[in-house]
>>> print(open('final-v8.cif').read())   # mmCIF, C-alpha atoms
data_coords
loop_
_atom_site.label_atom_id
_atom_site.label_comp_id
_atom_site.auth_asym_id
_atom_site.auth_seq_id
_atom_site.Cartn_x
_atom_site.Cartn_y
_atom_site.Cartn_z
CA MET A 17 81.88 19.00 -14.18
CA SER A 18 78.99 20.83 -12.51
CA ASP A 19 79.88 24.00 -14.44
CA GLN A 20 79.75 22.04 -17.73
CA ILE A 21 76.35 20.56 -16.84
CA GLY A 22 75.06 24.01 -16.04
CA THR A 23 76.35 25.38 -19.34
CA ASP A 24 74.68 22.55 -21.34
CA THR A 25 71.42 23.09 -19.48
CA GLU A 26 71.47 26.80 -20.24
CA ARG A 27 72.22 26.12 -23.92
CA LEU A 28 69.31 23.67 -24.24
CA ALA A 29 67.02 26.09 -22.44
CA ASP A 30 67.96 28.78 -24.96
CA THR A 31 66.99 26.49 -27.85
CA ALA A 32 63.81 25.02 -26.33
CA ALA A 33 60.29 26.25 -26.90
CA PRO A 34 58.85 28.25 -23.99
CA LEU A 35 57.08 26.02 -21.48
CA GLY A 36 53.41 25.52 -22.32
CA ARG A 37 53.76 26.77 -25.90
CA ARG A 38 53.66 24.62 -28.99
CA ALA A 39 57.07 24.56 -30.72
CA THR A 40 57.29 26.56 -33.93
CA LEU A 41 59.47 26.13 -36.99
CA ARG A 42 61.57 29.02 -35.72
CA ASP A 43 62.21 27.08 -32.51
CA VAL A 44 63.30 24.08 -34.59
CA ALA A 45 65.63 26.22 -36.70
CA ARG A 46 67.19 27.83 -33.62
CA ARG A 47 67.85 24.48 -31.98
CA ALA A 48 69.28 22.97 -35.19
CA GLY A 49 71.48 26.01 -35.77
CA VAL A 50 70.07 26.74 -39.23
CA SER A 51 67.91 29.43 -40.75
CA THR A 52 64.13 29.19 -40.68
CA ALA A 53 64.17 28.95 -44.48
CA ALA A 54 66.55 25.97 -44.28
CA ALA A 55 64.35 24.25 -41.70
CA SER A 56 61.36 24.87 -43.95
CA LYS A 57 63.16 23.19 -46.87
CA VAL A 58 63.74 20.11 -44.75
CA LEU A 59 60.10 20.10 -43.66
CA ARG A 60 58.92 20.34 -47.27
CA GLY A 61 61.29 17.62 -48.43
CA ALA A 62 62.80 20.13 -50.82
CA TYR A 63 65.28 18.98 -53.42
CA GLY A 64 68.96 19.63 -52.69
CA VAL A 65 68.99 19.57 -48.86
CA SER A 66 72.20 18.02 -47.50
CA PRO A 67 71.88 14.85 -45.38
CA ALA A 68 73.67 16.55 -42.47
CA MET A 69 71.25 19.48 -42.41
CA ARG A 70 68.26 17.18 -42.72
CA GLU A 71 69.51 15.11 -39.78
CA ARG A 72 70.05 18.17 -37.56
CA VAL A 73 66.63 19.58 -38.31
CA GLN A 74 64.87 16.23 -37.83
CA GLU A 75 66.64 15.74 -34.49
CA ALA A 76 65.50 19.20 -33.40
CA MET A 77 61.93 18.45 -34.46
CA SER A 78 61.99 15.24 -32.43
CA ALA A 79 63.52 16.90 -29.37
CA LEU A 80 60.93 19.69 -29.40
CA ALA A 81 58.02 17.35 -30.25
CA TYR A 82 57.38 19.65 -33.19
CA ARG A 83 54.18 19.08 -35.12
CA PRO A 84 53.50 21.29 -38.15
CA ASN A 85 50.26 23.24 -38.28
CA ILE A 86 48.68 21.67 -41.34
CA SER A 87 45.78 24.11 -41.60
CA ALA A 88 48.04 27.13 -41.38
CA ARG A 89 50.36 25.76 -44.04
CA GLY A 90 47.40 24.96 -46.25
CA MET A 91 46.41 28.62 -46.13
CA ARG A 92 49.85 29.46 -47.52
CA GLY A 93 49.16 27.34 -50.59
CA LYS A 94 50.03 23.76 -49.59
CA THR A 95 47.81 21.04 -48.17
CA PHE A 96 50.60 18.51 -47.59
CA THR A 97 48.59 15.75 -49.19
CA ILE A 98 49.54 13.47 -52.08
CA GLY A 99 46.94 11.75 -54.24
CA VAL A 100 47.42 8.19 -55.50
CA LEU A 101 45.16 7.11 -58.36
CA ILE A 102 44.56 3.40 -59.01
CA SER A 103 42.10 1.64 -61.29
CA ASP A 104 41.42 -1.79 -59.75
CA ILE A 105 41.38 -2.19 -55.99
CA GLN A 106 40.98 -5.98 -56.35
CA ASN A 107 44.26 -6.31 -58.24
CA GLN A 108 47.05 -7.09 -55.75
CA PHE A 109 49.58 -5.33 -57.96
CA TYR A 110 48.26 -2.02 -56.62
CA ASP A 111 48.64 -3.22 -53.03
CA GLN A 112 52.28 -3.99 -53.76
CA VAL A 113 52.86 -0.54 -55.28
CA LEU A 114 51.21 1.12 -52.28
CA SER A 115 53.42 -0.89 -49.93
CA GLY A 116 56.41 0.76 -51.58
CA ILE A 117 54.93 4.25 -51.48
CA ALA A 118 53.95 4.23 -47.80
CA PRO A 119 57.40 4.00 -46.13
CA VAL A 120 58.81 6.84 -48.23
CA LEU A 121 56.01 9.23 -47.42
CA ALA A 122 55.87 8.10 -43.79
CA GLY A 123 59.24 9.77 -43.38
CA SER A 124 57.97 13.00 -44.90
CA ASP A 125 55.25 15.39 -43.82
CA TYR A 126 52.77 14.34 -46.49
CA ALA A 127 49.56 12.39 -45.99
CA VAL A 128 48.42 9.97 -48.71
CA LEU A 129 44.89 9.93 -50.10
CA ILE A 130 43.99 7.02 -52.39
CA ALA A 131 41.36 7.29 -55.11
CA GLN A 132 40.02 4.53 -57.34
CA ALA A 133 38.86 5.25 -60.86
CA ALA A 134 36.76 2.97 -63.03
CA PRO A 135 38.79 1.33 -65.82
CA THR A 136 37.94 4.04 -68.35
CA VAL A 137 39.82 7.11 -69.53
CA GLU A 138 36.87 9.33 -68.65
CA SER A 139 36.80 8.09 -65.05
CA GLU A 140 40.57 8.48 -64.66
CA VAL A 141 40.50 12.05 -65.93
CA ALA A 142 37.53 12.96 -63.75
CA MET A 143 39.15 11.48 -60.63
CA ALA A 144 42.47 13.23 -61.29
CA GLU A 145 40.63 16.53 -61.71
CA THR A 146 38.80 15.91 -58.43
CA MET A 147 42.09 15.40 -56.61
CA ILE A 148 43.42 18.61 -58.12
CA ASP A 149 40.26 20.42 -57.02
CA HIS A 150 41.03 19.21 -53.49
CA ARG A 151 44.41 20.92 -53.77
CA MET A 152 46.69 17.90 -53.64
CA ASP A 153 50.35 18.87 -53.72
CA GLY A 154 51.25 16.07 -56.11
CA LEU A 155 49.83 13.02 -57.88
CA LEU A 156 51.05 9.45 -58.28
CA LEU A 157 49.11 7.93 -61.19
CA VAL A 158 49.42 4.13 -61.25
CA THR A 159 48.98 2.50 -64.70
CA PRO A 160 46.88 5.35 -66.11
CA THR A 161 45.39 4.72 -69.56
CA MET A 162 44.55 8.35 -70.29
CA PRO A 163 46.27 9.96 -73.31
CA LYS A 164 49.70 11.45 -72.83
CA ALA A 165 48.26 14.89 -73.60
CA GLU A 166 46.07 14.62 -70.49
CA LEU A 167 49.04 13.55 -68.39
CA GLU A 168 51.00 16.57 -69.62
CA ARG A 169 48.03 18.82 -68.85
CA PHE A 170 47.87 17.62 -65.26
CA ALA A 171 51.64 17.90 -64.95
CA SER A 172 51.41 21.57 -65.96
CA ILE A 173 49.21 22.15 -62.89
CA LEU A 174 51.05 20.18 -60.20
CA PRO A 175 53.88 17.63 -59.81
CA VAL A 176 53.01 14.25 -61.36
CA VAL A 177 54.75 10.88 -61.44
CA VAL A 178 53.35 8.08 -63.61
CA VAL A 179 53.87 4.55 -62.26
CA ALA A 180 54.05 1.30 -64.27
CA ARG A 181 53.77 3.07 -67.60
CA GLY A 182 57.08 3.99 -69.19
CA GLY A 183 58.27 6.36 -71.88
CA ARG A 184 59.99 9.70 -71.54
CA ALA A 185 57.91 12.83 -71.05
CA GLU A 186 58.58 16.54 -70.76
CA GLY A 187 56.37 17.51 -67.84
CA PHE A 188 56.29 14.46 -65.57
CA ASP A 189 58.40 11.54 -64.34
CA THR A 190 57.84 7.86 -65.13
CA VAL A 191 58.79 4.74 -63.20
CA ALA A 192 58.15 1.43 -64.93
CA THR A 193 59.45 -2.10 -65.40
CA ASP A 194 60.77 -3.30 -68.75
CA ASP A 195 57.57 -5.11 -69.71
CA GLU A 196 58.87 -6.05 -73.15
CA LEU A 197 61.70 -7.95 -71.47
CA GLY A 198 59.22 -9.43 -68.97
CA SER A 199 57.15 -10.97 -71.76
CA ALA A 200 60.30 -12.25 -73.45
CA LEU A 201 61.30 -13.99 -70.20
CA ILE A 202 57.97 -15.85 -70.21
CA VAL A 203 58.23 -16.93 -73.86
CA ASP A 204 61.86 -17.98 -73.43
CA HIS A 205 60.90 -20.04 -70.38
CA LEU A 206 58.04 -21.78 -72.17
CA VAL A 207 60.07 -22.45 -75.31
CA GLY A 208 62.84 -23.84 -73.15
CA LEU A 209 60.33 -26.31 -71.72
CA GLY A 210 59.46 -27.43 -75.25
CA HIS A 211 56.32 -25.38 -76.02
CA THR A 212 55.61 -23.97 -79.47
CA ALA A 213 51.82 -23.34 -79.28
CA ILE A 214 52.01 -20.36 -76.91
CA ALA A 215 49.05 -17.96 -76.67
CA HIS A 216 48.92 -14.50 -75.08
CA ILE A 217 46.06 -12.66 -73.37
CA THR A 218 46.04 -8.90 -73.84
CA VAL A 219 43.60 -6.00 -73.39
CA GLU A 220 40.90 -5.11 -75.90
CA SER A 221 41.49 -1.43 -76.65
CA ASP A 222 41.30 1.12 -79.45
CA ASP A 223 44.20 3.06 -77.92
CA ASP A 224 47.40 2.57 -79.91
CA ASP A 225 49.70 4.34 -77.43
CA PRO A 226 52.85 2.17 -77.42
CA THR A 227 53.67 3.04 -73.79
CA LEU A 228 50.59 1.32 -72.32
CA PRO A 229 51.59 -1.84 -70.41
CA PHE A 230 49.36 -4.19 -72.41
CA ALA A 231 50.86 -2.89 -75.65
CA VAL A 232 54.42 -3.28 -74.39
CA ARG A 233 53.85 -6.84 -73.12
CA ALA A 234 52.14 -7.88 -76.36
CA ARG A 235 55.05 -6.41 -78.30
CA GLY A 236 57.49 -8.36 -76.16
CA TYR A 237 55.54 -11.58 -76.67
CA GLU A 238 55.42 -11.20 -80.44
CA ALA A 239 59.08 -10.23 -80.73
CA ALA A 240 60.11 -13.26 -78.67
CA MET A 241 57.95 -15.57 -80.78
CA TRP A 242 59.63 -14.21 -83.93
CA ARG A 243 63.07 -14.63 -82.33
CA HIS A 244 62.33 -18.31 -81.72
CA GLY A 245 61.02 -18.83 -85.27
CA LEU A 246 57.43 -19.22 -84.02
CA GLU A 247 55.88 -16.27 -85.84
CA ALA A 248 53.33 -18.57 -87.52
CA SER A 249 52.13 -19.63 -84.04
CA ILE A 250 51.51 -16.13 -82.67
CA ASP A 251 48.13 -16.33 -80.94
CA VAL A 252 46.73 -13.21 -79.23
CA VAL A 253 43.38 -13.19 -77.42
CA ARG A 254 41.97 -9.75 -76.52
CA THR A 255 39.80 -9.46 -73.42
CA SER A 256 40.79 -7.59 -70.25
CA TRP A 257 43.25 -7.98 -67.40
CA THR A 258 40.63 -8.88 -64.81
CA THR A 259 39.40 -12.18 -63.39
CA ASP A 260 36.39 -11.93 -65.72
CA GLY A 261 38.73 -11.24 -68.61
CA GLY A 262 40.71 -14.36 -67.79
CA THR A 263 37.49 -16.39 -67.61
CA SER A 264 36.39 -15.03 -71.00
CA ALA A 265 39.75 -15.94 -72.52
CA ALA A 266 39.42 -19.48 -71.16
CA ASP A 267 35.98 -19.79 -72.75
CA LEU A 268 37.46 -18.73 -76.10
CA PHE A 269 40.25 -21.28 -75.85
CA LEU A 270 37.80 -24.03 -74.82
CA GLN A 271 35.69 -23.40 -77.95
CA ARG A 272 38.62 -24.33 -80.17
CA PRO A 273 39.31 -27.85 -81.49
CA SER A 274 42.49 -27.92 -79.41
CA LEU A 275 43.99 -25.86 -76.62
CA PRO A 276 47.34 -24.10 -76.83
CA THR A 277 49.94 -25.95 -74.79
CA ALA A 278 50.93 -22.76 -72.93
CA ILE A 279 49.36 -19.38 -72.18
CA HIS A 280 51.05 -16.11 -71.24
CA ALA A 281 48.14 -14.54 -69.36
CA GLY A 282 49.47 -10.95 -69.43
CA ALA A 283 48.67 -10.28 -65.75
CA ASP A 284 48.21 -12.43 -62.66
CA VAL A 285 44.64 -11.24 -62.17
CA ALA A 286 43.74 -12.57 -65.65
CA ALA A 287 45.66 -15.78 -64.94
CA PHE A 288 43.52 -16.42 -61.85
CA GLY A 289 40.29 -16.20 -63.87
CA LEU A 290 41.81 -18.36 -66.61
CA LEU A 291 42.96 -21.04 -64.18
CA SER A 292 39.64 -21.11 -62.33
CA ARG A 293 37.70 -21.72 -65.55
CA LEU A 294 40.13 -24.31 -66.92
CA TRP A 295 40.15 -26.20 -63.63
CA ALA A 296 36.34 -26.20 -63.58
CA GLU A 297 36.34 -27.81 -67.04
CA GLY A 298 38.74 -30.56 -65.97
CA VAL A 299 41.79 -29.14 -67.71
CA GLU A 300 44.92 -30.21 -65.83
CA ILE A 301 47.53 -27.52 -65.16
CA PRO A 302 50.31 -27.84 -66.27
CA ARG A 303 49.81 -31.33 -67.76
CA ASP A 304 47.35 -30.09 -70.40
CA VAL A 305 48.18 -26.37 -70.44
CA SER A 306 50.99 -24.38 -68.84
CA VAL A 307 50.01 -20.93 -67.55
CA ALA A 308 52.25 -17.97 -66.72
CA GLY A 309 51.08 -14.73 -65.12
CA TYR A 310 52.68 -11.33 -64.68
CA ASP A 311 53.02 -9.33 -61.39
CA ASN A 312 54.05 -12.07 -58.91
CA SER A 313 51.01 -11.38 -56.74
CA PRO A 314 51.05 -12.77 -53.17
CA ILE A 315 48.01 -14.95 -53.83
CA GLY A 316 49.80 -16.59 -56.74
CA MET A 317 52.60 -17.62 -54.39
CA LEU A 318 50.22 -19.79 -52.35
CA ALA A 319 50.96 -23.51 -52.75
CA PRO A 320 47.53 -24.51 -54.16
CA ILE A 321 48.07 -22.04 -57.04
CA SER A 322 51.88 -21.79 -57.33
CA LEU A 323 51.69 -19.53 -60.38
CA THR A 324 54.71 -18.99 -62.58
CA SER A 325 54.91 -15.22 -62.92
CA VAL A 326 57.08 -12.22 -63.69
CA ASP A 327 58.10 -10.12 -60.71
CA GLN A 328 58.15 -6.52 -61.83
CA ALA A 329 59.31 -5.23 -58.44
CA ALA A 330 56.02 -3.49 -57.72
CA GLY A 331 57.13 -2.36 -54.26
CA GLU A 332 60.23 -0.74 -55.70
CA LEU A 333 58.10 0.95 -58.35
CA GLY A 334 56.17 2.62 -55.54
CA THR A 335 59.31 3.51 -53.59
CA ARG A 336 61.07 5.11 -56.54
CA ALA A 337 57.94 6.95 -57.65
CA ALA A 338 57.27 8.43 -54.20
CA ALA A 339 60.88 9.62 -53.92
CA LEU A 340 60.70 11.27 -57.35
CA LEU A 341 57.45 13.00 -56.46
CA LEU A 342 58.95 14.47 -53.29
CA GLU A 343 61.83 15.79 -55.38
CA ARG A 344 59.40 17.39 -57.82
CA ILE A 345 57.39 18.95 -55.02
CA GLY A 346 60.68 20.22 -53.63
CA GLY A 347 61.48 22.05 -56.85
CA ARG A 348 63.10 19.71 -59.35
CA THR A 349 61.78 20.27 -62.87
CA GLU A 350 63.94 18.14 -65.18
CA PRO A 351 62.07 14.94 -66.16
CA GLN A 352 63.23 11.55 -64.92
CA SER A 353 62.44 8.18 -66.49
CA VAL A 354 63.27 5.06 -64.44
CA LEU A 355 63.11 1.57 -65.97
CA LEU A 356 63.46 -1.41 -63.63
CA GLN A 357 64.44 -4.94 -64.66
CA PRO A 358 61.89 -7.77 -64.21
CA THR A 359 62.65 -11.33 -63.14
CA LEU A 360 60.86 -14.59 -63.88
CA VAL A 361 59.69 -16.72 -60.94
CA PRO A 362 58.99 -20.26 -62.22
CA ARG A 363 56.50 -22.31 -60.19
CA SER A 364 54.33 -25.35 -60.76
CA THR A 365 51.83 -23.97 -63.33
CA THR A 366 54.41 -24.40 -66.09
CA ALA A 367 56.07 -27.62 -67.23
CA ALA A 368 57.05 -29.46 -70.40
CA PRO A 369 54.12 -30.07 -72.78
CA ARG A 370 52.40 -33.44 -72.77
CA SER A 371 53.80 -35.60 -75.57
#
>>> encode(input="final-v8.cif", output="structure tokens")
Amino acid sequence: MSDQIGTDTERLADTAAPLGRRATLRDVARRAGVSTAAASKVLRGAYGVSPAMRERVQEAMSALAYRPNISARGMRGKTFTIGVLISDIQNQFYDQVLSGIAPVLAGSDYAVLIAQAAPTVESEVAMAETMIDHRMDGLLLVTPTMPKAELERFASILPVVVVARGGRAEGFDTVATDDELGSALIVDHLVGLGHTAIAHITVESDDDDPTLPFAVRARGYEAAMWRHGLEASIDVVRTSWTTDGGTSAADLFLQRPSLPTAIHAGADVAAFGLLSRLWAEGVEIPRDVSVAGYDNSPIGMLAPISLTSVDQAAGELGTRAAALLLERIGGRTEPQSVLLQPTLVPRSTTAAPRS
């Protein structure tokens, strides 16, 4: 027994970093019994590494308390940072996406830097270029509205994954929810309750790109209205998916001789502004008007609001997007397009119309 203990001790000593010296990648590779190149692939999260090799290398890194030298690796062409671009920090949808991104990257060697752009194409493009100038290793662009040509241009420079905006592309990956189905779920729910005067809030825009979320949801709303024989009742109000946009939509509805009996607000953030204004004017929800949002934001789950909404699995969007980006950084080039299925979460802001 003592001979075996001595042999194990000698073996571990042979694979340990010299006392007082910071462990190197070569030390990790030696301990894991793999080549330095293989250990480097694990460290970089490279595509195609076997689970067994990854486990051996990660165990060796833990045993040796290995910490990569970020500055030295940056000099070799990588900064080990990933940029995440969002457009509205007040919209809880982005918090949910980030909550899905964080755990994936926490298990990698990449730090996340978050940038907020103003809700304009020019601001998005400028912010993406700034992140590229800071030598990010990859970009996660959440609901970008910039033209596809700009997305392809950025993807020709570094790995890019577009989140919550679908459609296949040549140079980048996309992860989105089936927003057309999500809108149909809302219309089906409201029609099932007995509504026929169903309005929809969408985004005022000159961009006719069919992959933009507001375009897809409006398309789903209109198709569902046609399917139910309600094409003559299609009612689209164009403002913005913000609290102010929801307030503006409410003002437009209140100027009419009669209110619609139900409103598909397009996004939870617009629904909150809509509800606030309608409540202030004495409109009873859902007795006078049923309201449905889209995103299933945490604040909408609170009992005083209890907003009917579509859950587009925002956390999973972030998780899948982060995993795809690590694959792209690791060397994968073939484009991937992931489409998740939404679910409707009925709550107390929708009910049968008043007779």
>>> closest_residue(input="final-v8.cif", among="A:Ser172, A:Thr97, A:Gln108, A:Thr349", to="Pro314 in chain A", atoms="only C-alpha atoms")
A:Gln108
>>> residues_around(input="final-v8.cif", residues="Asp251 in chain A", least_positions_apart="2", cutoff="9 Å", atoms="all atoms listed in the file", output="ChimeraX atom specification")
/A:213-217,238,248-249,253,276
>>> resolve_selection(input="final-v8.cif", expression="the PyMOL selection byres ((chain A and resi 362) around 8)", output="PyMOL selection string")
chain A and resi 323-325+360-361+363-364+366
>>> closest_residue(input="final-v8.cif", among="A:Ala240, A:Leu275, A:Met77, A:Ala122", to="Arg370 in chain A", atoms="all atoms listed in the file")
A:Leu275
>>> closest_residue(input="final-v8.cif", among="A:Arg83, A:Lys164, A:Arg303, A:His205", to="Thr359 in chain A", atoms="all atoms listed in the file")
A:His205
>>> resolve_selection(input="final-v8.cif", expression="the PyMOL selection byres ((chain A and resi 192) around 6)", output="ChimeraX atom specification")
/A:179-182,191,193,355
>>> write_last_selection(input="final-v8.cif", atoms="C-alpha atoms", output="short mmCIF file (atom, residue, chain, number, x, y, z; two decimals), in the coordinates of the input")
data_model
loop_
_atom_site.label_atom_id
_atom_site.label_comp_id
_atom_site.auth_asym_id
_atom_site.auth_seq_id
_atom_site.Cartn_x
_atom_site.Cartn_y
_atom_site.Cartn_z
CA VAL A 179 53.87 4.55 -62.26
CA ALA A 180 54.05 1.30 -64.27
CA ARG A 181 53.77 3.07 -67.60
CA GLY A 182 57.08 3.99 -69.19
CA VAL A 191 58.79 4.74 -63.20
CA THR A 193 59.45 -2.10 -65.40
CA LEU A 355 63.11 1.57 -65.97
#
>>> resolve_selection(input="final-v8.cif", expression="the PyMOL selection byres ((chain A and resi 287-289) around 7)", output="NGL selection string")
:A and (259-260 or 262-263 or 281 or 283-286 or 290-293 or 309)
>>> closest_residue(input="final-v8.cif", among="A:His211, A:Glu350, A:Glu138, A:Ser371", to="Arg184 in chain A", atoms="only C-alpha atoms")
A:Glu350
>>> atom_distance(input="final-v8.cif", atom1="CA of Ile130 in chain A", atom2="CA of His150 in chain A")
12.6 Å
>>> closest_residue(input="final-v8.cif", among="A:Val141, A:Ala338, A:Val219, A:Ile315", to="Val232 in chain A", atoms="only C-alpha atoms")
A:Val219
>>> atom_distance(input="final-v8.cif", atom1="CA of Lys94 in chain A", atom2="CA of Leu342 in chain A")
13.4 Å
>>> closest_residue(input="final-v8.cif", among="A:Ala144, A:Ala296, A:Val203, A:Ile173", to="Asp267 in chain A", atoms="only C-alpha atoms")
A:Ala296
>>> atom_distance(input="final-v8.cif", atom1="CA of Glu71 in chain A", atom2="CA of Val120 in chain A")
15.9 Å
